[in-house]
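Text of coords.pdb (PDB, C-alpha atoms, pLDDT in the B column) as supplied:
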```pdb
ATOM      1  CA  ASP A  23       1.457  -1.107  26.184  1.00 66.00           C
ATOM      2  CA  ASP A  24       0.136  -3.945  23.986  1.00 72.00           C
ATOM      3  CA  ILE A  25       0.761  -7.525  25.081  1.00 72.00           C
ATOM      4  CA  LEU A  26       0.112 -10.725  23.128  1.00 74.00           C
ATOM      5  CA  ILE A  27       0.430 -14.069  24.938  1.00 72.00           C
ATOM      6  CA  LEU A  28       0.361 -17.275  22.880  1.00 75.00           C
ATOM      7  CA  CYS A  29      -0.816 -20.478  24.537  1.00 72.00           C
ATOM      8  CA  GLY A  30      -1.476 -24.030  23.437  1.00 75.00           C
ATOM      9  CA  SER A  31      -4.901 -24.420  25.015  1.00 77.00           C
ATOM     10  CA  ARG A  32      -7.886 -22.476  26.278  1.00 79.00           C
ATOM     11  CA  ALA A  33      -7.073 -23.421  29.869  1.00 83.00           C
ATOM     12  CA  GLY A  34      -3.494 -22.232  29.419  1.00 81.00           C
ATOM     13  CA  ALA A  35      -4.725 -18.942  27.976  1.00 75.00           C
ATOM     14  CA  GLU A  36      -7.133 -18.375  30.859  1.00 76.00           C
ATOM     15  CA  ASN A  37      -4.368 -19.048  33.381  1.00 78.00           C
ATOM     16  CA  ALA A  38      -1.951 -16.738  31.533  1.00 76.00           C
ATOM     17  CA  LEU A  39      -4.589 -14.001  31.550  1.00 78.00           C
ATOM     18  CA  ARG A  40      -5.073 -14.309  35.321  1.00 81.00           C
ATOM     19  CA  VAL A  41      -1.337 -14.239  35.980  1.00 81.00           C
ATOM     20  CA  ALA A  42      -0.717 -11.292  33.641  1.00 81.00           C
ATOM     21  CA  GLN A  43      -3.615  -9.285  35.035  1.00 79.00           C
ATOM     22  CA  SER A  44      -2.533  -9.952  38.602  1.00 82.00           C
ATOM     23  CA  TYR A  45       1.043  -8.883  37.883  1.00 76.00           C
ATOM     24  CA  LEU A  46       0.168  -5.800  35.832  1.00 80.00           C
ATOM     25  CA  GLU A  47      -2.432  -4.483  38.246  1.00 79.00           C
ATOM     26  CA  GLY A  48      -0.869  -5.749  41.485  1.00 83.00           C
ATOM     27  CA  GLU A  49       2.852  -5.271  40.993  1.00 81.00           C
ATOM     28  CA  LEU A  50       3.012  -2.564  38.336  1.00 80.00           C
ATOM     29  CA  LYS A  51      -0.131  -0.699  39.391  1.00 82.00           C
ATOM     30  CA  LEU A  52      -1.385  -0.543  35.817  1.00 82.00           C
ATOM     31  CA  THR A  53      -4.980  -0.738  34.642  1.00 82.00           C
ATOM     32  CA  VAL A  54      -5.854  -3.570  32.263  1.00 79.00           C
ATOM     33  CA  ASN A  55      -8.399  -2.489  29.634  1.00 78.00           C
ATOM     34  CA  ALA A  56     -11.232  -4.968  30.113  1.00 77.00           C
ATOM     35  CA  THR A  57     -12.874  -4.148  26.776  1.00 78.00           C
ATOM     36  CA  LYS A  58      -9.719  -4.877  24.772  1.00 76.00           C
ATOM     37  CA  THR A  59      -8.452  -7.829  26.815  1.00 77.00           C
ATOM     38  CA  HIS A  60      -9.809 -11.135  25.566  1.00 68.00           C
ATOM     39  CA  ILE A  61      -8.995 -14.700  24.571  1.00 76.00           C
ATOM     40  CA  VAL A  62      -9.376 -15.660  20.938  1.00 74.00           C
ATOM     41  CA  HIS A  63      -8.356 -18.649  18.797  1.00 74.00           C
ATOM     42  CA  SER A  64      -5.941 -17.985  15.964  1.00 69.00           C
ATOM     43  CA  ASP A  65      -8.400 -19.578  13.515  1.00 67.00           C
ATOM     44  CA  GLU A  66     -10.575 -16.501  14.076  1.00 69.00           C
ATOM     45  CA  GLY A  67      -7.657 -14.101  13.680  1.00 72.00           C
ATOM     46  CA  VAL A  68      -5.907 -12.155  16.419  1.00 73.00           C
ATOM     47  CA  LYS A  69      -5.614  -8.395  15.835  1.00 80.00           C
ATOM     48  CA  PHE A  70      -2.273  -7.058  17.070  1.00 72.00           C
ATOM     49  CA  LEU A  71      -0.307  -3.928  16.153  1.00 79.00           C
ATOM     50  CA  GLY A  72      -1.915  -3.462  12.747  1.00 83.00           C
ATOM     51  CA  VAL A  73      -1.897  -7.089  11.620  1.00 83.00           C
ATOM     52  CA  VAL A  74      -4.262 -10.020  12.001  1.00 86.00           C
ATOM     53  CA  ILE A  75      -2.509 -13.218  13.059  1.00 80.00           C
ATOM     54  CA  HIS A  76      -4.166 -16.407  11.849  1.00 79.00           C
ATOM     55  CA  THR A  77      -3.101 -20.000  12.439  1.00 78.00           C
ATOM     56  CA  ASN A  78      -1.152 -20.363   9.197  1.00 80.00           C
ATOM     57  CA  TYR A  79      -0.647 -16.819   7.994  1.00 80.00           C
ATOM     58  CA  THR A  80      -0.645 -13.146   8.974  1.00 86.00           C
ATOM     59  CA  ARG A  81      -2.367 -10.331   7.103  1.00 88.00           C
ATOM     60  CA  ILE A  82      -2.562  -6.551   7.310  1.00 91.00           C
ATOM     61  CA  GLN A  83      -5.659  -5.130   8.965  1.00 91.00           C
ATOM     62  CA  ASP A  84      -8.002  -3.703   6.339  1.00 92.00           C
ATOM     63  CA  LYS A  85      -8.134  -0.301   8.034  1.00 94.00           C
ATOM     64  CA  LYS A  86      -4.348   0.039   7.714  1.00 95.00           C
ATOM     65  CA  VAL A  87      -4.541  -0.489   3.947  1.00 95.00           C
ATOM     66  CA  VAL A  88      -7.356   2.067   3.747  1.00 96.00           C
ATOM     67  CA  LYS A  89      -5.259   4.571   5.700  1.00 96.00           C
ATOM     68  CA  LEU A  90      -2.280   4.011   3.388  1.00 97.00           C
ATOM     69  CA  LYS A  91      -4.421   4.623   0.302  1.00 97.00           C
ATOM     70  CA  GLN A  92      -5.782   7.818   1.852  1.00 97.00           C
ATOM     71  CA  LYS A  93      -2.230   9.104   2.299  1.00 97.00           C
ATOM     72  CA  LEU A  94      -1.287   8.143  -1.255  1.00 97.00           C
ATOM     73  CA  LYS A  95      -4.463   9.698  -2.620  1.00 96.00           C
ATOM     74  CA  ALA A  96      -3.675  12.997  -0.911  1.00 96.00           C
ATOM     75  CA  LEU A  97      -0.213  13.004  -2.501  1.00 97.00           C
ATOM     76  CA  THR A  98      -1.540  12.160  -5.977  1.00 96.00           C
ATOM     77  CA  LYS A  99      -4.254  14.747  -6.410  1.00 93.00           C
ATOM     78  CA  ARG A 100      -4.472  15.778 -10.046  1.00 87.00           C
ATOM     79  CA  ASN A 101      -4.566  19.498  -9.287  1.00 87.00           C
ATOM     80  CA  ARG A 102      -1.248  19.721  -7.423  1.00 85.00           C
ATOM     81  CA  GLY A 103       0.568  21.132 -10.436  1.00 84.00           C
ATOM     82  CA  ILE A 104       3.877  19.295  -9.943  1.00 92.00           C
ATOM     83  CA  GLY A 105       5.531  16.656 -12.102  1.00 93.00           C
ATOM     84  CA  LEU A 106       5.564  12.912 -11.599  1.00 95.00           C
ATOM     85  CA  ALA A 107       9.194  12.825 -10.478  1.00 96.00           C
ATOM     86  CA  ALA A 108       8.488  15.244  -7.618  1.00 97.00           C
ATOM     87  CA  ILE A 109       5.337  13.367  -6.614  1.00 97.00           C
ATOM     88  CA  ILE A 110       7.205  10.067  -6.567  1.00 97.00           C
ATOM     89  CA  ARG A 111       9.873  11.551  -4.316  1.00 97.00           C
ATOM     90  CA  GLU A 112       7.078  12.291  -1.837  1.00 97.00           C
ATOM     91  CA  LEU A 113       5.455   8.887  -2.280  1.00 98.00           C
ATOM     92  CA  ASN A 114       8.553   6.768  -1.736  1.00 98.00           C
ATOM     93  CA  PRO A 115       9.072   7.487   1.990  1.00 97.00           C
ATOM     94  CA  VAL A 116       5.410   6.636   2.652  1.00 97.00           C
ATOM     95  CA  LEU A 117       5.668   3.394   0.679  1.00 97.00           C
ATOM     96  CA  ARG A 118       8.999   2.469   2.259  1.00 96.00           C
ATOM     97  CA  GLY A 119       7.743   3.070   5.785  1.00 96.00           C
ATOM     98  CA  PHE A 120       4.571   1.060   5.239  1.00 95.00           C
ATOM     99  CA  VAL A 121       6.246  -1.972   3.718  1.00 94.00           C
ATOM    100  CA  SER A 122       9.107  -1.937   6.227  1.00 91.00           C
ATOM    101  CA  TYR A 123       6.588  -2.269   9.046  1.00 91.00           C
ATOM    102  CA  PHE A 124       4.113  -4.667   7.446  1.00 92.00           C
ATOM    103  CA  ARG A 125       6.547  -6.917   5.545  1.00 89.00           C
ATOM    104  CA  VAL A 126       6.081  -9.532   8.277  1.00 87.00           C
ATOM    105  CA  ALA A 127       2.542 -10.146   7.013  1.00 91.00           C
ATOM    106  CA  ASN A 128       1.587 -12.364   4.077  1.00 89.00           C
ATOM    107  CA  CYS A 129       0.518  -9.376   2.022  1.00 91.00           C
ATOM    108  CA  ALA A 130       1.930  -9.841  -1.492  1.00 93.00           C
ATOM    109  CA  ARG A 131      -1.515  -9.738  -3.113  1.00 94.00           C
ATOM    110  CA  VAL A 132      -2.522  -6.579  -1.233  1.00 95.00           C
ATOM    111  CA  LEU A 133       0.732  -4.798  -2.121  1.00 96.00           C
ATOM    112  CA  LYS A 134       0.314  -5.745  -5.782  1.00 96.00           C
ATOM    113  CA  GLN A 135      -3.202  -4.271  -5.798  1.00 97.00           C
ATOM    114  CA  VAL A 136      -2.020  -1.063  -4.113  1.00 97.00           C
ATOM    115  CA  MET A 137       0.747  -0.608  -6.697  1.00 97.00           C
ATOM    116  CA  SER A 138      -1.611  -1.176  -9.622  1.00 97.00           C
ATOM    117  CA  TRP A 139      -3.994   1.435  -8.221  1.00 97.00           C
ATOM    118  CA  LEU A 140      -1.151   3.888  -7.518  1.00 98.00           C
ATOM    119  CA  ARG A 141       0.328   3.584 -11.008  1.00 98.00           C
ATOM    120  CA  ARG A 142      -3.106   4.306 -12.471  1.00 97.00           C
ATOM    121  CA  ARG A 143      -3.310   7.478 -10.362  1.00 97.00           C
ATOM    122  CA  LEU A 144       0.120   8.569 -11.599  1.00 97.00           C
ATOM    123  CA  ARG A 145      -0.900   7.978 -15.213  1.00 97.00           C
ATOM    124  CA  CYS A 146      -4.049   9.975 -14.580  1.00 96.00           C
ATOM    125  CA  ILE A 147      -1.938  12.896 -13.332  1.00 96.00           C
ATOM    126  CA  GLN A 148       0.309  12.813 -16.397  1.00 96.00           C
ATOM    127  CA  LEU A 149      -2.584  12.609 -18.835  1.00 96.00           C
ATOM    128  CA  LYS A 150      -4.176  15.682 -17.240  1.00 95.00           C
ATOM    129  CA  GLN A 151      -0.871  17.579 -17.403  1.00 94.00           C
ATOM    130  CA  TRP A 152      -0.497  16.722 -21.086  1.00 95.00           C
ATOM    131  CA  LYS A 153      -4.008  18.199 -21.534  1.00 93.00           C
ATOM    132  CA  LYS A 154      -4.449  17.208 -25.184  1.00 94.00           C
ATOM    133  CA  PRO A 155      -4.381  13.771 -26.867  1.00 95.00           C
ATOM    134  CA  GLY A 156      -1.811  15.114 -29.324  1.00 95.00           C
ATOM    135  CA  ARG A 157       0.859  15.186 -26.614  1.00 95.00           C
ATOM    136  CA  LEU A 158       0.035  11.612 -25.647  1.00 96.00           C
ATOM    137  CA  HIS A 159       0.291  10.568 -29.297  1.00 96.00           C
ATOM    138  CA  ARG A 160       3.625  12.363 -29.627  1.00 96.00           C
ATOM    139  CA  ARG A 161       4.931  10.425 -26.640  1.00 96.00           C
ATOM    140  CA  LEU A 162       3.783   7.141 -28.186  1.00 97.00           C
ATOM    141  CA  LYS A 163       5.537   7.933 -31.470  1.00 96.00           C
ATOM    142  CA  GLN A 164       8.731   8.802 -29.565  1.00 96.00           C
ATOM    143  CA  LEU A 165       8.565   5.336 -28.023  1.00 96.00           C
ATOM    144  CA  GLY A 166       8.286   3.749 -31.471  1.00 96.00           C
ATOM    145  CA  TYR A 167       4.555   3.080 -31.700  1.00 96.00           C
ATOM    146  CA  GLN A 168       2.864   3.759 -35.019  1.00 94.00           C
ATOM    147  CA  PRO A 169      -0.350   5.759 -35.483  1.00 92.00           C
ATOM    148  CA  PRO A 170      -3.266   5.984 -35.856  1.00 93.00           C
ATOM    149  CA  PHE A 171      -4.014   6.335 -32.140  1.00 93.00           C
ATOM    150  CA  ARG A 172      -7.422   6.646 -30.561  1.00 90.00           C
ATOM    151  CA  HIS A 173      -8.331  10.024 -29.064  1.00 89.00           C
ATOM    152  CA  ILE A 174      -9.152   9.757 -25.385  1.00 92.00           C
ATOM    153  CA  ARG A 175     -10.339  12.170 -22.717  1.00 92.00           C
ATOM    154  CA  MET A 176      -7.192  13.281 -20.945  1.00 94.00           C
ATOM    155  CA  GLN A 177      -8.917  14.051 -17.632  1.00 90.00           C
ATOM    156  CA  SER A 178     -10.808  10.776 -17.340  1.00 90.00           C
ATOM    157  CA  TRP A 179     -10.016   8.363 -14.485  1.00 93.00           C
ATOM    158  CA  ARG A 180     -11.316   5.564 -16.696  1.00 92.00           C
ATOM    159  CA  ASN A 181      -8.859   6.363 -19.482  1.00 93.00           C
ATOM    160  CA  ALA A 182      -5.939   6.306 -17.059  1.00 94.00           C
ATOM    161  CA  ALA A 183      -6.302   2.522 -17.297  1.00 94.00           C
ATOM    162  CA  SER A 184      -6.404   2.501 -21.111  1.00 94.00           C
ATOM    163  CA  PRO A 185      -3.758   0.639 -23.135  1.00 95.00           C
ATOM    164  CA  LEU A 186      -2.534   3.952 -24.568  1.00 96.00           C
ATOM    165  CA  ALA A 187      -1.759   5.319 -21.102  1.00 96.00           C
ATOM    166  CA  SER A 188       0.051   2.122 -20.156  1.00 96.00           C
ATOM    167  CA  LEU A 189       2.098   2.179 -23.362  1.00 97.00           C
ATOM    168  CA  ALA A 190       3.045   5.827 -22.917  1.00 97.00           C
ATOM    169  CA  LEU A 191       3.875   5.399 -19.221  1.00 97.00           C
ATOM    170  CA  PRO A 192       4.845   1.749 -18.739  1.00 97.00           C
ATOM    171  CA  ASN A 193       5.664   0.262 -15.365  1.00 97.00           C
ATOM    172  CA  THR A 194       9.347   0.165 -16.278  1.00 96.00           C
ATOM    173  CA  TYR A 195       9.358   3.934 -16.827  1.00 97.00           C
ATOM    174  CA  LEU A 196       7.698   4.641 -13.491  1.00 97.00           C
ATOM    175  CA  HIS A 197       9.913   2.250 -11.532  1.00 97.00           C
ATOM    176  CA  ASN A 198      13.240   2.324 -13.375  1.00 97.00           C
ATOM    177  CA  ASP A 199      13.361   5.892 -14.676  1.00 97.00           C
ATOM    178  CA  LEU A 200      11.340   7.779 -12.051  1.00 97.00           C
ATOM    179  CA  LYS A 201      12.424   5.437  -9.220  1.00 97.00           C
ATOM    180  CA  LEU A 202       8.983   4.637  -7.835  1.00 98.00           C
ATOM    181  CA  ILE A 203       9.345   1.926  -5.182  1.00 96.00           C
ATOM    182  CA  ASP A 204       7.570  -1.251  -6.278  1.00 96.00           C
ATOM    183  CA  LEU A 205       5.962  -2.853  -3.236  1.00 95.00           C
ATOM    184  CA  ALA A 206       5.003  -5.866  -5.342  1.00 94.00           C
ATOM    185  CA  LYS A 207       8.677  -6.881  -5.526  1.00 94.00           C
ATOM    186  CA  VAL A 208       9.210  -6.856  -1.770  1.00 91.00           C
ATOM    187  CA  LYS A 209       9.477 -10.252  -0.126  1.00 90.00           C
ATOM    188  CA  THR A 210       6.773 -10.520   2.520  1.00 88.00           C
ATOM    189  CA  GLY A 211       5.938 -12.921   5.323  1.00 84.00           C
ATOM    190  CA  ILE A 212       9.459 -12.641   6.771  1.00 61.00           C
ATOM    191  CA  THR A 213      11.110 -11.190   9.885  1.00 52.00           C
ATOM    192  CA  VAL A 214      14.565 -10.231   8.674  1.00 45.00           C
ATOM    193  CA  PRO A 215      16.083  -7.275  10.597  1.00 46.00           C
ATOM    194  CA  GLU A 216      18.388  -6.400   7.713  1.00 42.00           C
ATOM    195  CA  PHE A 217      15.470  -5.787   5.366  1.00 41.00           C
ATOM    196  CA  GLY A 218      15.728  -2.795   3.063  1.00 44.00           C
ATOM    197  CA  VAL A 219      13.964  -1.314   0.053  1.00 43.00           C
ATOM    198  CA  SER A 220      16.087   0.067  -2.740  1.00 37.00           C
TER     199      SER A 220
END
```
Full structure transcribed into structure tokens:
Amino acid sequence: DDILILCGSRAGAENALRVAQSYLEGELKLTVNATKTHIVHSDEGVKFLGVVIHTNYTRIQDKKVVKLKQKLKALTKRNRGIGLAAIIRELNPVLRGFVSYFRVANCARVLKQVMSWLRRRLRCIQLKQWKKPGRLHRRLKQLGYQPPFRHIRMQSWRNAASPLASLALPNTYLHNDLKLIDLAKVKTGITVPEFGVS
């Protein structure tokens, strides 16, 4: 029930609006929403089906990114009591669905920011589950890093972005071992029907 008509001039757009309104209301007996129906130049950005279409690029509407992060936040609460692998299995369908729909937009920077934020939340979960710095230090030694290591608060959101957390749970571990989908590696700004996320 959403229609977008592209025209080369203001006069052409006004004529297209009259024709469309006449056909929809006259022939199809539909009601055109006067508050949502308008003419706008692409330089200002045209909102349509979750994206904003500009003259030279398309971006995701801000509210859609906010809604995605709300979903991810609900799935990555620190008190859920389940491991990272199980959480990631729940996250992947949400990530896959979002990027499959919005891949047409020029959104590489936004997707990169979302992934950085999500990985920090996952590290925060693991730090809390380890409870004590000693378990973090044991993990670092298993990976070949040499002490001494700094003691950090394991339930701190701030420390989830610390170098120690990143060394203990690197991106490669989250993506390659635990199979977290990496939205930052998805090609965006395209309209390829055969698109898929592995």
Next on the checklist: I'd like the interatomic distance between atom CA of Ser44 of chain A and atom CA of Asp24 of chain A, to a tenth of an Å.
Outcome noted: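 Between atom CA of Ser44 of chain A and atom CA of Asp24 of chain A the gap is 16.0 Å.
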Item to check | Test item: the PyMOL selection byres ((chain A and resi 161) around 12) resolved as an MDAnalysis selection string | outcome: chainID A and resid 148:149 152 154:160 162:169 171 186:192
Checklist entry - For the file shown, what are the residues hit by the PyMOL selection byres ((chain A and resi 113) around 10), laid out as a ChimeraX atom specification? => result /A:93-95,97-98,107-112,114-118,140,202-203
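Proximity to Thr80 of chain A at 9 Å, evaluated using only C-alpha atoms and with sequence-adjacent residues fewer than 4 positions away removed, yields Gly67, Val73, Val74, Ile75, His76, Val126, Ala127, Asn128, Cys129 and Gly211 of chain A.
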Please determine an axis-aligned box that encloses all atoms of segment 41-45 of chain A listed in the file, with 8 Å added on each side, and express its centre and edge lengths in Å to one decimal as lines of an AutoDock Vina configuration file.
```
center_x = -1.3
center_y = -11.6
center_z = 36.1
size_x = 20.7
size_y = 21.4
size_z = 21.0
```
Next on the checklist: My list of candidates is A:Arg143, A:Arg40, A:His173, A:Lys209. Which is closest to Arg125 of chain A when distances are computed with all atoms listed in the file?
Outcome noted: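 Under the stated criterion, the closest residue is A:Lys209.
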Checklist outcome for this item: If you count all atoms listed in the file, the residue of A:Ile25, A:Lys58, A:Met137, A:Ala33 closest to Leu71 of chain A turns out to be A:Ile25
Next on the checklist: Taking only C-alpha atoms into account, name the residue in A:Gln92, A:Gln43, A:Thr210, A:Gln151 that is nearest to Leu133 of chain A.
Outcome noted: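 Of A:Gln92, A:Gln43, A:Thr210, A:Gln151, the one nearest Leu133 of chain A, counting only C-alpha atoms, is A:Thr210.
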Item to check | Coordinates-based distance that separates atom CA of Ser122 of chain A from atom CA of Lys89 of chain A (Å, one decimal) | outcome: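 Separation of atom CA of Lys89 of chain A and atom CA of Ser122 of chain A: 15.8 Å.
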Next on the checklist: Calculated over only C-alpha atoms, which of the candidates A:Cys146, A:Thr53, A:Ser138, A:Gly119 has the smallest distance to Gly105 of chain A?
Outcome noted: A:Cys146
For segment 88-103 of chain A, where the input has fewer atoms than it should, I would like N, CA, C and O atoms rebuilt and written as a short mmCIF file (atom, residue, chain, number, x, y, z; two decimals), keeping the file's coordinate frame.
```
data_model
loop_
_atom_site.label_atom_id
_atom_site.label_comp_id
_atom_site.auth_asym_id
_atom_site.auth_seq_id
_atom_site.Cartn_x
_atom_site.Cartn_y
_atom_site.Cartn_z
N VAL A 88 -6.52 0.90 4.07
CA VAL A 88 -7.36 2.07 3.75
C VAL A 88 -6.62 3.36 4.10
O VAL A 88 -6.61 4.32 3.33
N LYS A 89 -5.99 3.37 5.26
CA LYS A 89 -5.26 4.57 5.70
C LYS A 89 -4.08 4.86 4.77
O LYS A 89 -3.81 6.03 4.45
N LEU A 90 -3.38 3.82 4.33
CA LEU A 90 -2.28 4.01 3.39
C LEU A 90 -2.79 4.64 2.10
O LEU A 90 -2.21 5.61 1.59
N LYS A 91 -3.89 4.12 1.57
CA LYS A 91 -4.42 4.62 0.30
C LYS A 91 -4.90 6.06 0.45
O LYS A 91 -4.81 6.86 -0.50
N GLN A 92 -5.38 6.43 1.62
CA GLN A 92 -5.78 7.82 1.85
C GLN A 92 -4.57 8.74 1.79
O GLN A 92 -4.65 9.84 1.21
N LYS A 93 -3.46 8.31 2.36
CA LYS A 93 -2.23 9.10 2.30
C LYS A 93 -1.75 9.24 0.86
O LYS A 93 -1.37 10.33 0.41
N LEU A 94 -1.75 8.12 0.13
CA LEU A 94 -1.29 8.14 -1.25
C LEU A 94 -2.21 8.99 -2.13
O LEU A 94 -1.75 9.70 -3.03
N LYS A 95 -3.49 8.91 -1.85
CA LYS A 95 -4.46 9.70 -2.62
C LYS A 95 -4.24 11.19 -2.43
O LYS A 95 -4.34 11.98 -3.37
N ALA A 96 -3.93 11.58 -1.19
CA ALA A 96 -3.68 13.00 -0.91
C ALA A 96 -2.43 13.50 -1.66
O ALA A 96 -2.38 14.66 -2.09
N LEU A 97 -1.45 12.62 -1.82
CA LEU A 97 -0.21 13.00 -2.50
C LEU A 97 -0.34 12.97 -4.01
O LEU A 97 0.51 13.51 -4.73
N THR A 98 -1.39 12.32 -4.52
CA THR A 98 -1.54 12.16 -5.98
C THR A 98 -2.79 12.85 -6.49
O THR A 98 -3.43 12.37 -7.44
N LYS A 99 -3.15 13.96 -5.87
CA LYS A 99 -4.25 14.75 -6.41
C LYS A 99 -3.85 15.32 -7.76
O LYS A 99 -2.72 15.77 -7.95
N ARG A 100 -4.79 15.35 -8.68
CA ARG A 100 -4.47 15.78 -10.05
C ARG A 100 -4.28 17.28 -10.19
O ARG A 100 -3.77 17.74 -11.21
N ASN A 101 -4.67 18.04 -9.18
CA ASN A 101 -4.57 19.50 -9.29
C ASN A 101 -3.36 20.07 -8.53
O ASN A 101 -3.31 21.27 -8.26
N ARG A 102 -2.40 19.24 -8.19
CA ARG A 102 -1.25 19.72 -7.42
C ARG A 102 -0.29 20.55 -8.27
O ARG A 102 0.47 21.36 -7.76
N GLY A 103 -0.26 20.31 -9.56
CA GLY A 103 0.57 21.13 -10.44
C GLY A 103 2.05 20.85 -10.39
O GLY A 103 2.85 21.72 -10.75
#
```
